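Pasted below: model.txt, compact mmCIF, C-alpha atoms and all ligand atoms.
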# COMPACT_ATOMS: atom_id res chain seq x y z
CA MET I 97 -13.78 16.84 -68.40
CA GLU I 98 -11.86 13.66 -67.81
CA ARG I 99 -13.53 10.47 -68.86
CA ASN I 100 -14.38 8.05 -66.02
CA LEU I 101 -12.59 4.89 -66.97
CA TYR I 102 -14.08 2.76 -64.24
CA ARG I 103 -17.24 0.70 -64.34
CA GLU I 104 -20.10 2.73 -62.92
CA GLN I 105 -20.34 0.55 -59.81
CA ILE I 106 -16.67 0.85 -58.86
CA LEU I 107 -16.85 4.36 -57.41
CA SER I 108 -19.79 3.65 -55.12
CA PHE I 109 -18.66 0.13 -54.20
CA LYS I 110 -18.45 -0.52 -50.47
CA PRO I 111 -15.78 -3.13 -49.81
CA TYR I 112 -16.38 -5.74 -47.12
CA VAL I 113 -14.88 -4.73 -43.77
CA PRO I 114 -13.04 -7.79 -42.43
CA GLY I 115 -12.21 -8.34 -38.76
CA LYS I 116 -8.91 -6.81 -37.69
CA SER I 117 -6.00 -9.25 -37.96
CA ILE I 118 -4.23 -10.45 -34.83
CA ASP I 119 -0.80 -9.33 -36.00
CA ASP I 120 -1.97 -5.82 -36.96
CA ALA I 121 -3.76 -5.41 -33.65
CA LYS I 122 -0.78 -6.63 -31.61
CA ALA I 123 1.56 -4.23 -33.39
CA GLU I 124 -0.85 -1.30 -33.10
CA TYR I 125 -1.46 -1.79 -29.38
CA GLY I 126 1.97 -3.13 -28.41
CA LEU I 127 0.51 -6.28 -26.86
CA SER I 128 1.85 -9.82 -26.83
CA ARG I 129 -1.53 -11.46 -26.22
CA MET I 130 -4.40 -10.74 -28.57
CA GLU I 131 -7.50 -12.92 -28.80
CA LYS I 132 -9.53 -12.55 -31.96
CA LEU I 133 -13.20 -13.19 -31.45
CA ALA I 134 -14.24 -11.14 -34.46
CA SER I 135 -14.54 -13.45 -37.46
CA ASN I 136 -16.30 -16.57 -36.17
CA GLU I 137 -13.24 -18.72 -36.79
CA ASN I 138 -12.88 -22.17 -35.25
CA PRO I 139 -11.07 -21.89 -31.88
CA LEU I 140 -10.16 -25.61 -32.00
CA GLY I 141 -8.11 -25.06 -35.12
CA PRO I 142 -8.48 -26.86 -38.44
CA SER I 143 -9.93 -30.34 -38.82
CA PRO I 144 -6.96 -32.73 -38.32
CA LYS I 145 -8.13 -34.78 -41.31
CA ALA I 146 -8.07 -31.64 -43.44
CA VAL I 147 -4.50 -30.94 -42.35
CA GLU I 148 -3.47 -34.52 -43.10
CA GLU I 149 -4.92 -34.36 -46.61
CA MET I 150 -3.27 -31.00 -47.28
CA LYS I 151 0.12 -32.37 -46.24
CA ARG I 152 -0.32 -35.24 -48.66
CA GLU I 153 -1.30 -32.84 -51.40
CA LEU I 154 1.64 -30.43 -50.95
CA GLU I 155 3.92 -32.46 -53.22
CA ARG I 156 1.40 -32.25 -56.04
CA VAL I 157 0.93 -28.50 -56.28
CA ASN I 158 2.86 -28.45 -59.57
CA LEU I 159 -0.37 -29.76 -61.09
CA TYR I 160 -3.43 -27.63 -61.73
CA PRO I 161 -6.41 -28.46 -59.53
CA ASP I 162 -9.45 -30.31 -60.87
CA PRO I 163 -11.68 -27.53 -62.23
CA GLU I 164 -14.75 -29.72 -61.63
CA ALA I 165 -13.84 -30.63 -58.03
CA SER I 166 -15.22 -34.07 -58.96
CA ALA I 167 -13.93 -36.07 -56.00
CA LEU I 168 -15.25 -33.58 -53.46
CA LYS I 169 -18.59 -33.27 -55.23
CA LEU I 170 -19.04 -37.05 -55.21
CA LYS I 171 -18.34 -37.16 -51.51
CA LEU I 172 -20.67 -34.25 -50.71
CA ALA I 173 -23.40 -35.56 -53.02
CA ASP I 174 -23.34 -38.87 -51.22
CA LYS I 175 -23.50 -37.18 -47.83
CA LEU I 176 -26.29 -34.77 -48.79
CA GLY I 177 -28.32 -37.11 -50.98
CA VAL I 178 -28.16 -34.93 -54.10
CA GLU I 179 -26.65 -35.28 -57.58
CA PRO I 180 -22.96 -34.33 -57.84
CA ASP I 181 -24.04 -32.02 -60.70
CA ALA I 182 -26.24 -30.09 -58.27
CA ILE I 183 -23.15 -28.86 -56.44
CA VAL I 184 -20.90 -25.90 -57.26
CA VAL I 185 -17.64 -25.58 -55.34
CA GLY I 186 -16.25 -22.12 -54.77
CA ASN I 187 -13.24 -20.28 -53.41
CA GLY I 188 -15.02 -19.78 -50.11
CA GLY I 189 -18.69 -19.05 -49.65
CA GLU I 190 -17.76 -15.55 -50.71
CA GLN I 191 -17.17 -16.71 -54.28
CA ILE I 192 -20.43 -18.65 -54.23
CA LEU I 193 -22.22 -15.41 -53.34
CA GLN I 194 -20.51 -13.66 -56.24
CA LEU I 195 -21.47 -16.49 -58.60
CA ILE I 196 -25.09 -16.33 -57.45
CA ALA I 197 -25.26 -12.62 -58.27
CA GLN I 198 -23.40 -13.10 -61.57
CA THR I 199 -25.70 -15.92 -62.61
CA PHE I 200 -29.01 -14.24 -61.87
CA ILE I 201 -28.70 -10.45 -61.68
CA ASN I 202 -29.34 -8.12 -64.62
CA PRO I 203 -29.03 -4.36 -64.02
CA GLY I 204 -32.18 -3.17 -62.26
CA ASP I 205 -33.06 -6.58 -60.81
CA GLU I 206 -33.92 -6.60 -57.13
CA ALA I 207 -32.62 -8.78 -54.32
CA VAL I 208 -34.54 -8.93 -51.05
CA MET I 209 -32.47 -9.29 -47.88
CA ALA I 210 -32.56 -8.46 -44.19
CA ASP I 211 -31.07 -5.36 -42.62
CA ALA I 212 -28.88 -6.24 -40.79
CA THR I 213 -27.39 -9.27 -42.47
CA PHE I 214 -24.19 -10.46 -44.16
CA ASP I 215 -22.87 -7.50 -46.18
CA MET I 216 -21.74 -9.51 -49.19
CA TYR I 217 -25.29 -10.02 -50.49
CA ALA I 218 -25.78 -6.31 -51.08
CA SER I 219 -22.26 -5.70 -52.39
CA SER I 220 -22.29 -8.60 -54.87
CA VAL I 221 -25.72 -7.58 -56.18
CA SER I 222 -25.08 -3.85 -56.44
CA PHE I 223 -21.72 -4.40 -58.12
CA LEU I 224 -23.63 -5.87 -61.05
CA GLY I 225 -26.18 -3.05 -61.17
CA GLY I 226 -28.77 -4.95 -59.14
CA ILE I 227 -30.73 -3.31 -56.35
CA PRO I 228 -30.59 -4.59 -52.77
CA VAL I 229 -33.99 -4.25 -51.10
CA ARG I 230 -33.29 -4.21 -47.38
CA ILE I 231 -36.01 -5.28 -44.97
CA PRO I 232 -35.34 -4.10 -41.39
CA LEU I 233 -35.21 -6.79 -38.73
CA GLN I 234 -38.35 -7.21 -36.61
CA LYS I 235 -37.49 -8.00 -32.99
CA MET I 236 -33.96 -8.71 -34.28
CA LYS I 237 -35.27 -11.37 -36.71
CA HIS I 238 -35.81 -11.63 -40.47
CA ASP I 239 -39.24 -10.06 -41.11
CA ILE I 240 -40.68 -12.80 -43.27
CA VAL I 241 -43.97 -10.94 -43.85
CA GLY I 242 -41.94 -7.91 -44.94
CA PHE I 243 -39.88 -10.10 -47.26
CA ALA I 244 -42.99 -11.43 -49.02
CA LYS I 245 -44.49 -7.93 -49.33
CA ALA I 246 -41.27 -6.55 -50.83
CA VAL I 247 -41.44 -8.79 -53.89
CA THR I 248 -41.98 -6.81 -57.11
CA ASP I 249 -41.78 -7.83 -60.77
CA ARG I 250 -38.09 -7.00 -60.65
CA ALA I 251 -37.33 -9.26 -57.68
CA LYS I 252 -34.97 -12.09 -58.64
CA LEU I 253 -33.19 -13.14 -55.49
CA MET I 254 -34.14 -13.45 -51.85
CA TYR I 255 -31.46 -14.06 -49.24
CA ILE I 256 -32.18 -15.88 -46.01
CA CYS I 257 -29.12 -15.86 -43.77
CA ASN I 258 -29.82 -18.81 -41.50
CA PRO I 259 -28.48 -18.44 -38.82
CA ASN I 260 -28.26 -14.72 -39.49
CA ASN I 261 -24.95 -12.94 -39.26
CA PRO I 262 -24.67 -10.76 -37.11
CA THR I 263 -27.69 -11.63 -34.92
CA GLY I 264 -27.18 -15.42 -34.73
CA ASN I 265 -30.88 -16.32 -34.70
CA ILE I 266 -32.74 -18.46 -37.22
CA VAL I 267 -35.72 -18.30 -39.51
CA THR I 268 -37.77 -21.32 -38.44
CA LYS I 269 -39.15 -24.13 -40.56
CA ALA I 270 -42.69 -22.84 -39.98
CA GLU I 271 -41.69 -19.37 -41.16
CA ILE I 272 -40.06 -20.74 -44.30
CA ASP I 273 -43.14 -22.86 -45.06
CA ARG I 274 -45.27 -19.71 -44.82
CA LEU I 275 -42.84 -17.67 -46.90
CA ILE I 276 -42.73 -20.06 -49.83
CA CYS I 277 -46.52 -19.98 -50.10
CA GLN I 278 -46.40 -16.19 -50.36
CA ILE I 279 -43.68 -15.68 -52.96
CA PRO I 280 -43.63 -16.58 -56.66
CA GLU I 281 -41.91 -19.84 -57.57
CA ASP I 282 -39.51 -18.01 -59.85
CA ILE I 283 -37.75 -16.13 -57.07
CA ILE I 284 -34.35 -17.63 -56.36
CA LEU I 285 -34.41 -18.30 -52.65
CA VAL I 286 -30.86 -18.32 -51.28
CA PHE I 287 -30.24 -19.99 -47.93
CA ASP I 288 -26.90 -18.95 -46.55
CA GLU I 289 -26.08 -21.79 -44.16
CA ALA I 290 -22.51 -20.85 -43.32
CA TYR I 291 -23.30 -21.89 -39.71
CA TYR I 292 -25.37 -24.96 -40.59
CA ASP I 293 -23.62 -27.43 -38.28
CA PHE I 294 -24.14 -25.22 -35.24
CA ALA I 295 -27.89 -24.95 -35.86
CA LYS I 296 -28.84 -28.28 -37.44
CA ALA I 297 -29.76 -30.07 -34.20
CA ASP I 298 -32.53 -27.61 -33.38
CA PRO I 299 -35.97 -28.99 -34.32
CA ASP I 300 -37.07 -25.57 -35.60
CA TYR I 301 -34.19 -25.32 -38.05
CA PRO I 302 -35.54 -25.82 -41.58
CA ASN I 303 -34.28 -28.62 -43.81
CA SER I 304 -33.40 -26.62 -46.91
CA LEU I 305 -32.38 -29.72 -48.89
CA ASP I 306 -35.95 -31.03 -48.54
CA LEU I 307 -37.17 -27.68 -49.77
CA LEU I 308 -34.77 -27.73 -52.72
CA ALA I 309 -36.16 -31.12 -53.75
CA LYS I 310 -39.62 -29.53 -54.04
CA ARG I 311 -38.62 -26.05 -55.14
CA PRO I 312 -35.79 -26.01 -57.69
CA ASN I 313 -35.33 -22.24 -57.50
CA THR I 314 -33.48 -22.65 -54.24
CA VAL I 315 -29.75 -22.24 -53.65
CA ILE I 316 -28.09 -23.43 -50.43
CA LEU I 317 -24.68 -22.11 -49.45
CA ARG I 318 -22.38 -23.89 -47.02
CA THR I 319 -18.74 -23.38 -46.16
CA PHE I 320 -15.81 -25.20 -44.59
CA SER I 321 -14.52 -21.93 -43.15
CA LYS I 322 -16.34 -21.99 -39.83
CA ILE I 323 -17.16 -25.54 -38.74
CA ALA I 324 -14.13 -27.23 -40.34
CA GLY I 325 -11.76 -24.45 -39.29
CA ILE I 326 -10.21 -23.93 -42.70
CA ALA I 327 -11.16 -20.30 -43.39
CA GLY I 328 -7.58 -19.68 -44.46
CA VAL I 329 -7.62 -22.01 -47.45
CA ARG I 330 -10.97 -20.79 -48.82
CA ILE I 331 -13.57 -23.34 -49.81
CA GLY I 332 -17.35 -23.42 -49.76
CA TYR I 333 -20.11 -24.74 -51.98
CA ALA I 334 -23.63 -24.29 -53.27
CA VAL I 335 -26.30 -26.96 -53.62
CA THR I 336 -29.07 -26.13 -56.05
CA SER I 337 -30.96 -27.68 -58.95
CA VAL I 338 -28.79 -29.23 -61.65
CA GLY I 339 -29.85 -26.61 -64.19
CA HIS I 340 -28.82 -23.67 -62.02
CA ALA I 341 -25.61 -25.43 -60.96
CA ARG I 342 -24.66 -25.85 -64.63
CA GLN I 343 -25.03 -22.13 -65.31
CA MET I 344 -23.11 -21.17 -62.18
CA SER I 345 -20.32 -23.62 -63.03
CA LYS I 346 -20.12 -22.31 -66.58
CA ILE I 347 -19.13 -18.82 -65.44
CA LYS I 348 -16.92 -19.65 -62.48
CA PRO I 349 -13.18 -19.01 -62.86
CA THR I 350 -11.77 -22.24 -64.30
CA PHE I 351 -9.32 -23.20 -61.54
CA ASN I 352 -11.22 -21.38 -58.81
CA VAL I 353 -10.42 -23.78 -55.98
CA ASN I 354 -6.82 -24.75 -55.36
CA ARG I 355 -5.50 -28.26 -54.70
CA LEU I 356 -4.89 -27.68 -51.01
CA ALA I 357 -8.40 -26.41 -50.44
CA LEU I 358 -9.91 -29.35 -52.31
CA ALA I 359 -7.79 -31.79 -50.32
CA ALA I 360 -8.65 -30.07 -47.04
CA ALA I 361 -12.37 -30.15 -47.73
CA THR I 362 -12.23 -33.80 -48.72
CA GLY I 363 -10.60 -34.58 -45.37
CA ALA I 364 -12.93 -32.31 -43.41
CA ALA I 365 -16.01 -33.87 -45.00
CA GLU I 366 -15.07 -37.13 -43.24
CA ASP I 367 -14.11 -35.58 -39.94
CA GLY I 368 -17.25 -36.05 -37.90
CA GLY I 369 -15.20 -36.04 -34.70
CA HIS I 370 -13.88 -32.54 -35.28
CA ILE I 371 -17.37 -31.27 -36.07
CA ARG I 372 -18.71 -32.81 -32.86
CA ARG I 373 -15.89 -31.38 -30.73
CA THR I 374 -16.38 -27.97 -32.35
CA VAL I 375 -20.11 -27.95 -31.64
CA GLU I 376 -19.56 -29.12 -28.04
CA LEU I 377 -16.97 -26.44 -27.35
CA ASN I 378 -19.23 -23.86 -28.95
CA ASP I 379 -22.12 -24.86 -26.70
CA ALA I 380 -19.98 -24.68 -23.56
CA SER I 381 -18.49 -21.33 -24.50
CA MET I 382 -21.92 -19.95 -25.45
CA ARG I 383 -23.40 -21.03 -22.08
CA MET I 384 -20.56 -19.16 -20.31
CA MET I 385 -21.31 -15.98 -22.20
CA GLU I 386 -25.06 -16.30 -21.68
CA ALA I 387 -24.57 -16.78 -17.94
CA PHE I 388 -22.43 -13.64 -17.80
CA PHE I 389 -24.92 -11.60 -19.83
CA GLU I 390 -27.80 -12.74 -17.63
CA LYS I 391 -25.88 -11.93 -14.48
CA HIS I 392 -25.08 -8.45 -15.74
CA LYS I 393 -28.57 -7.94 -17.20
CA LEU I 394 -27.28 -7.45 -20.72
CA GLU I 395 -29.75 -8.04 -23.52
CA TYR I 396 -28.56 -10.55 -26.12
CA VAL I 397 -30.02 -12.51 -28.99
CA ARG I 398 -30.18 -16.25 -28.42
CA SER I 399 -27.67 -17.64 -30.89
CA TYR I 400 -27.76 -20.74 -33.08
CA ALA I 401 -24.26 -20.07 -34.41
CA ASN I 402 -20.73 -19.62 -33.05
CA PHE I 403 -21.10 -15.94 -32.18
CA VAL I 404 -23.52 -13.86 -30.16
CA PHE I 405 -24.94 -10.36 -30.59
CA VAL I 406 -25.20 -8.45 -27.32
CA ASP I 407 -26.34 -4.99 -26.26
CA LEU I 408 -23.78 -3.51 -23.88
CA GLY I 409 -25.50 -0.15 -23.50
CA MET I 410 -22.20 1.53 -24.41
CA ASP I 411 -21.01 2.85 -27.76
CA SER I 412 -19.57 -0.13 -29.65
CA ARG I 413 -16.78 2.01 -31.13
CA MET I 414 -15.55 2.72 -27.61
CA VAL I 415 -16.04 -0.89 -26.54
CA PHE I 416 -14.13 -2.09 -29.59
CA GLU I 417 -11.18 0.21 -28.79
CA GLU I 418 -11.16 -0.52 -25.07
CA LEU I 419 -11.33 -4.29 -25.57
CA MET I 420 -8.60 -4.11 -28.17
CA LYS I 421 -6.36 -2.25 -25.72
CA ARG I 422 -6.93 -5.15 -23.36
CA GLY I 423 -6.16 -7.80 -25.95
CA VAL I 424 -9.54 -8.84 -27.40
CA ILE I 425 -10.85 -8.15 -30.90
CA VAL I 426 -14.65 -8.14 -31.35
CA ARG I 427 -16.99 -6.81 -34.05
CA PRO I 428 -18.60 -3.46 -33.19
CA GLY I 429 -22.30 -3.31 -34.07
CA PHE I 430 -22.25 0.23 -35.44
CA ASN I 431 -21.22 -1.32 -38.78
CA TRP I 432 -24.76 -2.68 -38.98
CA GLY I 433 -26.48 0.31 -37.39
CA PHE I 434 -26.56 -1.20 -33.89
CA VAL I 435 -24.44 1.36 -32.10
CA ASP I 436 -24.51 -0.19 -28.62
CA TRP I 437 -24.19 -3.82 -29.69
CA ILE I 438 -21.20 -6.02 -30.40
CA ARG I 439 -20.86 -9.38 -32.12
CA VAL I 440 -18.44 -11.70 -30.39
CA SER I 441 -17.37 -15.19 -31.50
CA THR I 442 -17.11 -18.11 -29.10
CA GLY I 443 -13.53 -19.03 -28.28
CA THR I 444 -11.90 -21.79 -26.31
CA LEU I 445 -13.16 -21.70 -22.72
CA GLU I 446 -10.00 -19.84 -21.80
CA GLN I 447 -10.41 -17.24 -24.54
CA THR I 448 -14.06 -16.78 -23.67
CA GLN I 449 -13.19 -16.26 -20.01
CA PHE I 450 -10.47 -13.77 -21.00
CA PHE I 451 -13.04 -11.81 -23.04
CA LEU I 452 -15.56 -11.85 -20.18
CA ASP I 453 -12.91 -10.64 -17.71
CA LYS I 454 -12.04 -7.72 -19.97
CA LEU I 455 -15.69 -6.94 -20.62
CA LYS I 456 -16.29 -6.92 -16.87
CA GLU I 457 -13.56 -4.29 -16.45
CA LEU I 458 -15.39 -2.08 -18.95
CA ILE I 459 -18.75 -2.58 -17.25
CA VAL I 460 -17.29 -1.72 -13.83
CA ARG I 461 -15.50 1.32 -15.26
CA GLU I 462 -18.67 2.51 -16.98
CA SER I 463 -20.78 2.14 -13.82
CA ARG I 464 -18.33 4.35 -11.91
CA ASN I 465 -18.65 7.18 -14.45
C1 LIG P 501 -18.41 -16.69 -43.05
C2 LIG P 501 -19.66 -16.51 -43.84
C3 LIG P 501 -19.77 -16.88 -45.19
C4 LIG P 501 -18.71 -17.45 -46.05
O1 LIG P 501 -17.44 -17.36 -45.65
P1 LIG P 501 -16.28 -17.97 -46.54
O2 LIG P 501 -15.11 -17.91 -45.63
O3 LIG P 501 -16.13 -17.08 -47.74
O4 LIG P 501 -16.67 -19.35 -46.91
C5 LIG P 501 -20.98 -16.74 -45.81
N1 LIG P 501 -22.03 -16.24 -45.17
C6 LIG P 501 -21.98 -15.88 -43.90
C7 LIG P 501 -23.19 -15.38 -43.24
C8 LIG P 501 -20.79 -15.99 -43.19
O5 LIG P 501 -20.75 -15.57 -41.92

For the file at hand, write its structure as structure tokens.
Ligand SMILES: *Cc1c(COP(=O)(O)O)cnc(C)c1O
Amino acid sequence: MERNLYREQILSFKPYVPGKSIDDAKAEYGLSRMEKLASNENPLGPSPKAVEEMKRELERVNLYPDPEASALKLKLADKLGVEPDAIVVGNGGEQILQLIAQTFINPGDEAVMADATFDMYASSVSFLGGIPVRIPLQKMKHDIVGFAKAVTDRAKLMYICNPNNPTGNIVTKAEIDRLICQIPEDIILVFDEAYYDFAKADPDYPNSLDLLAKRPNTVILRTFSKIAGIAGVRIGYAVTSVGHARQMSKIKPTFNVNRLALAAATGAAEDGGHIRRTVELNDASMRMMEAFFEKHKLEYVRSYANFVFVDLGMDSRMVFEELMKRGVIVRPGFNWGFVDWIRVSTGTLEQTQFFLDKLKELIVRESRN
């Protein structure tokens, strides 16, 4: 018999399924207009300050980037009120998730997470021989009681996706307060706050930095991909206790974040105007979608992020295809076991209206059948 040369976890590894790219979709469907509302990207475009800083940096790409990301960490530390050494900068939030698993998971260790949630928690944990423990959503929300009950001696990590992708709802401050009383202190509680800026104004949204100050076994993930509109250059970060940050930094690839990404994030960190405009557009676009869903009696989950999860009562594989034919890319819910649901990102008002027009065509067509 032939020897298997691969690591054990390679054969069973389930790669992340990204949203379809605009160019691929246009070519496949022979369309000139294609609106992508599938990856929660920023419809306003990148932060202008990020672009400015990247332009400045272009002439310096002969030099390796700062492996410590010192300038950015100083800026973020000041903004967040933490030590610069409590921050780890990564090649996107995706790399932060990998580093979290690599720092804490031994084979056989368990990681508690929701089902459905962001797929990269399970994949990064199982790739290292860890075991994802998936707790089904309760009324579409993280089942915090179920999370606490699922903790065994092997539990190391617990992931709270807040707001949750794909459902868009939050775990409230009161729920987090209850949870931390019910779990051991030595569980690493990971708050994935990729959509932080969209949710932060809500009084029920927990302040995870306050929690970190009291509970050092906490890791907070944030990213510039969504709010700052720089998903294409890849930069995100973790805030945790200095001790954990040291270990994570020790094992990260040396030059993990390139010069352009560091420059972009430094600019974006100062671009309060772009954040405000992004949040305002998101609110307006979200209200348009909600009004349409209400009018057509479609069940949806109230969102605290820049996407919404909606039950169309039609197979999401069909909806995905039919919308694509009409020039809109969305995320079909069957990926997460929600066959009749889709996740759709907010766009510009024009893009959102385009999506709603196309969706209406499908609803009308379906009601005739
Ligand atoms: C987008 C996203 C991330 C990180 O994305 P990056 O582009 O890798 O920074 C992390 N978690 C969730 C839930 C996300 O939706």

Counting only C-alpha atoms, which residue out of I:Ile279, I:Thr336, I:Asn378, I:Phe416 sits closest to I:Glu179?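 Under the stated criterion, the closest residue is I:Thr336.
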
Could you tell me, counting only C-alpha atoms and all ligand atoms, which protein and nucleic acid residues lie no more than 7 Å from ligand LIG 501 (chain P), written as a PyMOL selection string? chain I and resi 188-191+214+257+260-261+288-290+319-322+327+330-332

Atomic distance atom CA of I:Lys151 - atom CA of I:Leu168, expressed in Å with one decimal: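 Separation of atom CA of I:Lys151 and atom CA of I:Leu168: 17.0 Å.
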
I need every residue sitting at most 8 Å from the point (-6.4, -33.8, -44.8) (coordinates as in the file, only C-alpha atoms considered), written as number ranges by chain. I: 143-152, 359-364

Name the closest residue to I:Asn303 among the candidates I:Ile326, I:Val267, I:Asn202, I:Leu133; distances are taken between atoms, counting all atoms listed in the file. I:Val267

Determine the nearest neighbour of I:Arg318 from the options I:Ala121, I:Leu358, I:Ile106, I:Val184, counting only C-alpha atoms.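 Answer, going by the shortest atom-to-atom distance: I:Val184.
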
Output as CSV one row per residue of stretch 113-226 of chain I within 6 Å of stretch 426-449 of chain I: the closest atom pair and its distance in Å to one decimal place, counting only C-alpha atoms, sorted by chain and residue number ascending.
residue,atom,partner,partner_atom,distance
I:Leu133,CA,I:Ser441,CA,4.6
I:Ala134,CA,I:Val426,CA,4.3
I:Asn136,CA,I:Ser441,CA,5.0
I:Pro139,CA,I:Gly443,CA,5.2
I:Ala212,CA,I:Trp432,CA,5.7

For the selection just defined, write its residues with C-alpha atoms to a file, as a compact mmCIF listing (two decimals), in the coordinates of the input.
# COMPACT_ATOMS: atom_id res chain seq x y z
CA LEU I 133 -13.20 -13.19 -31.45
CA ALA I 134 -14.24 -11.14 -34.46
CA ASN I 136 -16.30 -16.57 -36.17
CA PRO I 139 -11.07 -21.89 -31.88
CA ALA I 212 -28.88 -6.24 -40.79

Taking only C-alpha atoms into account, which of I:Phe223, I:Tyr255, I:Phe109, I:Phe287 comes nearest I:Ala207?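 Looking only at the distances to I:Ala207, the closest residue turns out to be I:Tyr255.
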
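Rounded to one decimal, atom CA of I:Gly186 and atom CA of I:Pro349 lie 9.2 Å from each other.
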
Of I:Gly204, I:Gly409, I:Gly328, I:Gly423, the one nearest to I:Asn187 when counting only C-alpha atoms is I:Gly328

Choose the residue, out of I:Val460, I:Ile196, I:Ile201, I:Ile283, that has the smallest atom-to-atom separation from I:Arg311; count all atoms listed in the file.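 Result for the nearest residue to I:Arg311: I:Ile283.
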
Who sits within 12 Å of I:Glu457, all atoms listed in the file, same chain under 4 positions skipped, as a PDB file with C-alpha atoms, in the coordinates of the input:
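What landed in selection29.pdb:
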ATOM      1  CA  VAL I 415     -16.040  -0.890 -26.540  1.00  0.00           C
ATOM      2  CA  GLU I 418     -11.160  -0.520 -25.070  1.00  0.00           C
ATOM      3  CA  LEU I 419     -11.330  -4.290 -25.570  1.00  0.00           C
ATOM      4  CA  LYS I 421      -6.360  -2.250 -25.720  1.00  0.00           C
ATOM      5  CA  ARG I 422      -6.930  -5.150 -23.360  1.00  0.00           C
ATOM      6  CA  PHE I 450     -10.470 -13.770 -21.000  1.00  0.00           C
ATOM      7  CA  PHE I 451     -13.040 -11.810 -23.040  1.00  0.00           C
ATOM      8  CA  LEU I 452     -15.560 -11.850 -20.180  1.00  0.00           C
ATOM      9  CA  ASP I 453     -12.910 -10.640 -17.710  1.00  0.00           C
ATOM     10  CA  ARG I 461     -15.500   1.320 -15.260  1.00  0.00           C
ATOM     11  CA  GLU I 462     -18.670   2.510 -16.980  1.00  0.00           C
ATOM     12  CA  SER I 463     -20.780   2.140 -13.820  1.00  0.00           C
ATOM     13  CA  ARG I 464     -18.330   4.350 -11.910  1.00  0.00           C
TER      14      ARG I 464
END

From (-34.2, -19.0, -58.3), in the file's coordinates, out to 9 Å: which residues are reached, counting only C-alpha atoms? Answer as a PyMOL selection string. chain I and resi 200+252-254+281-286+311-315+340

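Taking atom CA of I:Pro161 and atom CA of I:Asn138 as endpoints, the distance between them is 25.9 Å.
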
I'd like the neighbourhood of stretch 232-247 of chain I as a ChimeraX atom specification, where a residue qualifies if any of its atoms comes within 8 Å (using only C-alpha atoms), though same-chain residues fewer than 4 positions away should be ignored. /I:208-212,251,256,263,265-267,271,275,278-279,397

Output C-alpha atoms of each residue in that selection to a file, as a PDB file, in the coordinates of the input.
ATOM      1  CA  VAL I 208     -34.540  -8.930 -51.050  1.00  0.00           C
ATOM      2  CA  MET I 209     -32.470  -9.290 -47.880  1.00  0.00           C
ATOM      3  CA  ALA I 210     -32.560  -8.460 -44.190  1.00  0.00           C
ATOM      4  CA  ASP I 211     -31.070  -5.360 -42.620  1.00  0.00           C
ATOM      5  CA  ALA I 212     -28.880  -6.240 -40.790  1.00  0.00           C
ATOM      6  CA  ALA I 251     -37.330  -9.260 -57.680  1.00  0.00           C
ATOM      7  CA  ILE I 256     -32.180 -15.880 -46.010  1.00  0.00           C
ATOM      8  CA  THR I 263     -27.690 -11.630 -34.920  1.00  0.00           C
ATOM      9  CA  ASN I 265     -30.880 -16.320 -34.700  1.00  0.00           C
ATOM     10  CA  ILE I 266     -32.740 -18.460 -37.220  1.00  0.00           C
ATOM     11  CA  VAL I 267     -35.720 -18.300 -39.510  1.00  0.00           C
ATOM     12  CA  GLU I 271     -41.690 -19.370 -41.160  1.00  0.00           C
ATOM     13  CA  LEU I 275     -42.840 -17.670 -46.900  1.00  0.00           C
ATOM     14  CA  GLN I 278     -46.400 -16.190 -50.360  1.00  0.00           C
ATOM     15  CA  ILE I 279     -43.680 -15.680 -52.960  1.00  0.00           C
ATOM     16  CA  VAL I 397     -30.020 -12.510 -28.990  1.00  0.00           C
TER      17      VAL I 397
END

I:Tyr160 environment, 9 Å, all atoms listed in the file, sequence neighbours closer than 5 positions dropped, as a list in words: Phe351, Asn354 and Arg355 of chain I

Exercise: I:Ser399 partners within 7 Å, all atoms listed in the file, chain neighbours under 4 positions left out, as a PyMOL selection string: chain I and resi 264-265+403-404

With C-alpha atoms retained, could you export that selection as a CSV table (one decimal), in the frame of the given file?
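Output (again.csv):
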chain,number,residue,atom,x,y,z
I,264,GLY,CA,-27.2,-15.4,-34.7
I,265,ASN,CA,-30.9,-16.3,-34.7
I,403,PHE,CA,-21.1,-15.9,-32.2
I,404,VAL,CA,-23.5,-13.9,-30.2
